[in-house]
Amino acid sequence: MLHGLRVTGVTDAGSLADAVAVPIGDVAARLGRLAEEGLVEHRGRPPAGWGLTPSGRVEAGQLVSRELGATGARPAVASAYERFRALNPGVLDACSRWEVRDIAGVPVRNDHRDPDYDAGVIADLASLHRRAEPVCRDLAAALERYRPYGRRLTRALVRIEAGEGDWFTRPAIASYHTVWFQWHEDLLTTLDLDRTAERAAADAAEAVS
């Protein structure tokens, strides 16, 4: 629960239940207990919802560190992270092209009135998803808490392919981009990495190449 909030950020109980694959009734009860312990709090100001307190953030990090030590899963997670990083630019590019397209060299907002263009972007995402599926499976085999990612990404893709375009990038729902971002954050926090260092390493590698 604490790690789920660390990954999703401030969220409602229903979204957290989906992210951690725990029944919403259990989530609500556990959030109440965690609030009594000072590890989570409910915020009424935007963005409204449940979030970690500073103590909860520290506790979440310690729990994940102990989990990796107890399970010996760090090599599997590190390997999956490198495979994820190989797919990440393509997924982000597909998300960008879903929102903005290039017309005669000029970036314009995609109004989704060109079905052939949209179909091409969706096909690219589906191809990337097929490559991501074994990464999801391997992670789930190493740590049970990674199991929801494969299901959530597949659900988003199915809805996109059914014509529900909001499931591509809309931030307010568990869209493909939302879940992908959470998966990325999960890998980074599990391995105690940060996005700034990751970007710096990527820039350095690109400069060398």
# chains A, B, ... in the order shown; residues from 1 in each chain; ligands from 1
call {"tool": "residues_around", "arguments": {"residues": "region 176-184 of chain A", "least_positions_apart": "5", "cutoff": "6 Å", "atoms": "only C-alpha atoms", "output": "VMD selection string"}}
result
chain A and resid 7 153 156 168 to 169 171
call {"tool": "residues_around", "arguments": {"residues": "Asn110 (chain A)", "least_positions_apart": "5", "cutoff": "12 Å", "atoms": "only C-alpha atoms", "output": "list in words"}}
result
Cys95, Ser96, Arg97, Trp98, Glu99, Val100, Arg101, Asp102, Ile103, Pro115, Tyr117, Asp118, Val121 and Gly165 of chain A
call {"tool": "select_by_dssp", "arguments": {"residues": "region 63-126 of chain A", "states": "strand (DSSP E)", "output": "ChimeraX atom specification"}}
result
/A:100-103,106-109
call {"tool": "closest_atom_pairs", "arguments": {"of": "region 36-117 of chain A", "to": "region 185-190 of chain A", "cutoff": "10 Å", "atoms": "only C-alpha atoms", "output": "Markdown table"}}
result
| residue | atom | partner | partner_atom | distance |
| --- | --- | --- | --- | --- |
| A:Ala60 | CA | A:Thr189 | CA | 9.6 |
| A:Gly61 | CA | A:Thr189 | CA | 7.6 |
| A:Leu63 | CA | A:Thr190 | CA | 9.9 |
| A:Val64 | CA | A:Thr190 | CA | 6.2 |
| A:Ser65 | CA | A:Thr190 | CA | 7.3 |
| A:Glu67 | CA | A:Thr190 | CA | 9.4 |
| A:Leu68 | CA | A:Thr190 | CA | 8.1 |
| A:Arg74 | CA | A:Thr190 | CA | 8.5 |
| A:Val77 | CA | A:Leu187 | CA | 7.2 |
| A:Ala78 | CA | A:Leu187 | CA | 8.1 |
| A:Ala80 | CA | A:Leu187 | CA | 8.4 |
| A:Tyr81 | CA | A:Leu187 | CA | 6.2 |
| A:Glu82 | CA | A:Leu187 | CA | 9.9 |
| A:Phe84 | CA | A:Leu187 | CA | 9.0 |
call {"tool": "atom_distance", "arguments": {"atom1": "CA of Asn88 (chain A)", "atom2": "CA of Arg131 (chain A)"}}
result
11.1 Å
call {"tool": "residues_around", "arguments": {"residues": "Leu34 (chain A)", "least_positions_apart": "3", "cutoff": "12 Å", "atoms": "only C-alpha atoms", "output": "PyMOL selection string"}}
result
chain A and resi 1-2+5+27-31+37-42+50-53+55-56+59-60
call {"tool": "atom_distance", "arguments": {"atom1": "CA of Gly105 (chain A)", "atom2": "CA of Ala86 (chain A)"}}
result
27.1 Å
call {"tool": "select_by_dssp", "arguments": {"residues": "region 8-209 of chain A", "states": "alpha helix (DSSP H)", "output": "PyMOL selection string"}}
result
chain A and resi 8+13-20+24-36+54-71+74-99+115-142+147-161+166-169+176-190+195-208
call {"tool": "atom_distance", "arguments": {"atom1": "CA of Gly25 (chain A)", "atom2": "CA of Thr71 (chain A)"}}
result
28.3 Å
call {"tool": "closest_residue", "arguments": {"among": "A:Ala142, A:Ala172, A:Arg151, A:Leu191", "to": "Asp18 (chain A)", "atoms": "only C-alpha atoms"}}
result
A:Arg151
call {"tool": "residues_around", "arguments": {"residues": "Ser79 (chain A)", "least_positions_apart": "4", "cutoff": "10 Å", "atoms": "only C-alpha atoms", "output": "list in words"}}
result
Arg74, Pro75, Arg83, Phe84, Val135, Asp138 and Leu139 of chain A
call {"tool": "closest_residue", "arguments": {"among": "A:Gly49, A:Gly44, A:Asp114, A:Ala126", "to": "Gly14 (chain A)", "atoms": "only C-alpha atoms"}}
result
A:Gly49
call {"tool": "residues_around", "arguments": {"residues": "Leu16 (chain A)", "least_positions_apart": "3", "cutoff": "8 Å", "atoms": "only C-alpha atoms", "output": "list in words"}}
result
Met1, Gly4, Leu5, Thr8, Thr11, Asp12, Ala13, Ala19, Val20 and Val27 of chain A
